[in-house]
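Undergrad: Dropping a structure here in structure tokens format, bear with me for questions.
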Amino acid sequence: MKSTRAIACAAMLALPAAAAHAQTAADEGRVRVSGTLGVSKLFRIEDRSFGPTMNIGGEAGVRIFPRGWIVFEANRFVGLDTEPAPCGLVGVACTGGRTGYESASMGSMNLTYHLGAGRTQLALSGGIGFIRATGVETTTFADGSQVEREVSDHGWGPTVAIGFAIPLARGWSVDPFVRVHGADGPNLTALRAAVAVTRTW
């Protein structure tokens, strides 16, 4: 009888720990996918900016602890266009040259952490990202002729974001955020203000 009671007591003590472990495992195994839509502006620090234009993208993430996620995201500028290239020579007529980026895309890997005890939570995110932008530049010669050449700038850099996770229904949320991407090589910075619609399993 004593051994039976001992076994029962041990089981009662072990059940809460097992339940807590099961809950933690379930949280860690949860995944999420998102579609994002927003507005972005691209800055080339030494001379000019491009946009603002629409930005579309997607995210996928996995929970690594109760309030923390590893999130991978990729997005693309929509509607970037070039501008007429300045002549740069006094007294010489120059026409037809273009300058600027025609397309740009970004991707990053981030650690995202949710703060707050209520239904709506503050989301802080940081990680490393990649920016790639392609376009044209124009060279003007002394006789006024201009030659276009394709350019491709790309590089890695830090990325940070702040936003909110707002639940809509079970497994669904809408997540507005602002994110800043940097790329050290071409000295590019991108600013995004977007909304993600997120499905969590």
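So you can find residues: chains in the structure tokens are A, B, ... in the order shown, residues in each start at 1, and ligands are numbered from 1 in order.
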Might you pull out every residue within 9 Å of Thr200 of chain A, with only C-alpha atoms counted and same-chain residues fewer than 2 positions away left off, and present them as a list in words?

TA: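 Once the nearby chain positions are removed, what remains is Arg30, Val31, Arg32, Val33, Ser34, Arg170, Gly171, Trp172, Ser173 and Thr198 of chain A.
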
Undergrad: Restricting it to C-alpha atoms, dump the selection as a tab-separated table (two decimals), in the first residue's frame.

TA:
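After the write, part38.tsv holds the following:
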chain	number	residue	atom	x	y	z
A	30	ARG	CA	4.91	26.47	-33.78
A	31	VAL	CA	5.45	27.99	-37.23
A	32	ARG	CA	4.13	31.08	-38.99
A	33	VAL	CA	3.88	32.48	-42.50
A	34	SER	CA	3.00	36.05	-43.51
A	170	ARG	CA	-7.52	31.92	-33.75
A	171	GLY	CA	-4.23	31.49	-35.60
A	172	TRP	CA	-4.51	34.81	-37.46
A	173	SER	CA	-3.04	38.25	-36.74
A	198	THR	CA	0.13	36.29	-40.39

Undergrad: Env of segment 152-163 of chain A: 10 Å cut, atoms = only C-alpha atoms, seq-sep filter 5 positions within chain, self excluded. Answer as a PyMOL selection string.

TA: chain A and resi 101+103-114+121-136+175-195

Undergrad: Just the selected residues (N, CA and C atoms), exported as a short mmCIF file (atom, residue, chain, number, x, y, z; two decimals), in the first residue's frame, please.

TA:
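To be explicit, this is the file written out as again_38.cif:
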data_model
loop_
_atom_site.label_atom_id
_atom_site.label_comp_id
_atom_site.auth_asym_id
_atom_site.auth_seq_id
_atom_site.Cartn_x
_atom_site.Cartn_y
_atom_site.Cartn_z
N TYR A 101 17.84 53.39 -60.16
CA TYR A 101 17.54 51.97 -60.01
C TYR A 101 16.20 51.63 -60.65
N SER A 103 15.04 48.21 -60.25
CA SER A 103 14.49 47.17 -59.39
C SER A 103 15.34 47.05 -58.13
N ALA A 104 14.71 46.60 -57.07
CA ALA A 104 15.42 46.39 -55.80
C ALA A 104 14.68 45.32 -55.00
N SER A 105 15.43 44.51 -54.30
CA SER A 105 14.86 43.48 -53.45
C SER A 105 15.70 43.35 -52.18
N MET A 106 15.07 42.82 -51.14
CA MET A 106 15.73 42.70 -49.85
C MET A 106 15.34 41.39 -49.20
N GLY A 107 16.21 40.86 -48.38
CA GLY A 107 15.92 39.69 -47.58
C GLY A 107 16.67 39.76 -46.27
N SER A 108 16.17 39.08 -45.25
CA SER A 108 16.85 39.13 -43.96
C SER A 108 16.47 37.94 -43.09
N MET A 109 17.30 37.70 -42.08
CA MET A 109 17.03 36.72 -41.03
C MET A 109 17.02 37.49 -39.71
N ASN A 110 15.95 37.33 -38.93
CA ASN A 110 15.76 38.16 -37.74
C ASN A 110 15.37 37.33 -36.53
N LEU A 111 15.73 37.85 -35.37
CA LEU A 111 15.18 37.38 -34.11
C LEU A 111 14.10 38.38 -33.70
N THR A 112 12.87 37.89 -33.58
CA THR A 112 11.74 38.74 -33.23
C THR A 112 11.24 38.35 -31.85
N TYR A 113 11.03 39.36 -30.98
CA TYR A 113 10.61 39.13 -29.61
C TYR A 113 9.36 39.94 -29.32
N HIS A 114 8.34 39.29 -28.73
CA HIS A 114 7.09 39.94 -28.39
C HIS A 114 7.06 40.34 -26.93
N GLN A 121 0.52 42.85 -28.71
CA GLN A 121 1.88 42.82 -28.17
C GLN A 121 2.82 43.66 -29.02
N LEU A 122 3.77 44.30 -28.36
CA LEU A 122 4.84 45.00 -29.04
C LEU A 122 5.83 44.00 -29.59
N ALA A 123 6.24 44.16 -30.83
CA ALA A 123 7.19 43.25 -31.47
C ALA A 123 8.47 44.01 -31.81
N LEU A 124 9.59 43.53 -31.29
CA LEU A 124 10.91 44.09 -31.59
C LEU A 124 11.70 43.05 -32.37
N SER A 125 12.42 43.52 -33.39
CA SER A 125 13.11 42.58 -34.29
C SER A 125 14.47 43.14 -34.69
N GLY A 126 15.43 42.26 -34.82
CA GLY A 126 16.75 42.66 -35.30
C GLY A 126 17.47 41.48 -35.92
N GLY A 127 18.32 41.76 -36.90
CA GLY A 127 19.05 40.68 -37.53
C GLY A 127 20.01 41.19 -38.59
N ILE A 128 20.23 40.36 -39.59
CA ILE A 128 21.13 40.71 -40.68
C ILE A 128 20.37 40.55 -41.99
N GLY A 129 20.60 41.49 -42.92
CA GLY A 129 19.85 41.48 -44.17
C GLY A 129 20.72 41.75 -45.38
N PHE A 130 20.11 41.59 -46.54
CA PHE A 130 20.78 41.74 -47.83
C PHE A 130 19.93 42.63 -48.72
N ILE A 131 20.56 43.59 -49.39
CA ILE A 131 19.88 44.45 -50.35
C ILE A 131 20.56 44.29 -51.70
N ARG A 132 19.75 44.17 -52.76
CA ARG A 132 20.27 44.15 -54.12
C ARG A 132 19.44 45.10 -54.96
N ALA A 133 20.12 46.02 -55.65
CA ALA A 133 19.44 47.00 -56.50
C ALA A 133 20.14 47.04 -57.85
N THR A 134 19.35 47.05 -58.94
CA THR A 134 19.89 47.11 -60.29
C THR A 134 19.28 48.29 -61.04
N GLY A 135 20.06 48.86 -61.95
CA GLY A 135 19.58 50.00 -62.73
C GLY A 135 20.57 50.40 -63.79
N VAL A 136 20.58 51.67 -64.12
CA VAL A 136 21.48 52.20 -65.14
C VAL A 136 22.12 53.50 -64.67
N ASP A 175 -0.09 42.50 -38.39
CA ASP A 175 1.12 42.99 -37.72
C ASP A 175 1.71 44.19 -38.45
N PRO A 176 1.31 45.41 -38.10
CA PRO A 176 1.95 46.59 -38.70
C PRO A 176 3.36 46.78 -38.13
N PHE A 177 4.29 47.26 -38.98
CA PHE A 177 5.66 47.43 -38.51
C PHE A 177 6.39 48.45 -39.37
N VAL A 178 7.50 48.94 -38.83
CA VAL A 178 8.44 49.78 -39.56
C VAL A 178 9.81 49.12 -39.45
N ARG A 179 10.48 48.93 -40.58
CA ARG A 179 11.78 48.26 -40.60
C ARG A 179 12.80 49.10 -41.36
N VAL A 180 14.03 49.11 -40.86
CA VAL A 180 15.15 49.77 -41.52
C VAL A 180 16.18 48.71 -41.89
N HIS A 181 16.55 48.67 -43.18
CA HIS A 181 17.59 47.77 -43.69
C HIS A 181 18.82 48.60 -44.04
N GLY A 182 20.00 48.05 -43.82
CA GLY A 182 21.23 48.68 -44.25
C GLY A 182 22.07 47.72 -45.07
N ALA A 183 22.90 48.27 -45.96
CA ALA A 183 23.84 47.46 -46.74
C ALA A 183 25.14 48.25 -46.85
N ASP A 184 26.19 47.74 -46.22
CA ASP A 184 27.44 48.49 -46.10
C ASP A 184 28.17 48.67 -47.42
N GLY A 185 28.21 47.64 -48.26
CA GLY A 185 28.99 47.71 -49.50
C GLY A 185 28.60 48.87 -50.39
N PRO A 186 27.35 48.89 -50.89
CA PRO A 186 26.93 50.00 -51.76
C PRO A 186 26.42 51.21 -50.99
N ASN A 187 26.49 51.14 -49.64
CA ASN A 187 26.04 52.27 -48.82
C ASN A 187 24.57 52.58 -49.05
N LEU A 188 23.75 51.53 -49.07
CA LEU A 188 22.31 51.67 -49.27
C LEU A 188 21.57 51.50 -47.94
N THR A 189 20.48 52.22 -47.79
CA THR A 189 19.57 52.06 -46.66
C THR A 189 18.14 52.04 -47.19
N ALA A 190 17.34 51.13 -46.68
CA ALA A 190 15.93 51.04 -47.10
C ALA A 190 15.04 51.20 -45.87
N LEU A 191 13.99 51.98 -46.03
CA LEU A 191 13.00 52.19 -44.98
C LEU A 191 11.67 51.61 -45.45
N ARG A 192 11.07 50.74 -44.65
CA ARG A 192 9.80 50.11 -45.00
C ARG A 192 8.77 50.35 -43.91
N ALA A 193 7.58 50.72 -44.31
CA ALA A 193 6.41 50.74 -43.43
C ALA A 193 5.39 49.82 -44.05
N ALA A 194 5.03 48.75 -43.35
CA ALA A 194 4.22 47.70 -43.97
C ALA A 194 3.29 47.06 -42.95
N VAL A 195 2.37 46.26 -43.48
CA VAL A 195 1.46 45.47 -42.67
C VAL A 195 1.57 44.02 -43.12
#

Undergrad: Find the residue from A:Trp201, A:Phe141, A:Phe50, A:Phe164 that sits nearest to Arg63 of chain A; use only C-alpha atoms when measuring.

TA: A:Trp201

Undergrad: Rank A:Glu102, A:Phe65, A:Val197, A:Ala169 by their smallest atom-to-atom distance to Asp81 of chain A, using only C-alpha atoms, and report the top residue only.

TA: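 Once distances to Asp81 of chain A are computed over only C-alpha atoms, the minimum belongs to A:Glu102.
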
Undergrad: So which one's closest to Pro167 of chain A, A:Gly57, A:Glu148, A:Gly118, A:Gly97? Using only C-alpha atoms, please.

TA: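 For Pro167 of chain A, the nearest of the candidates is A:Gly118.
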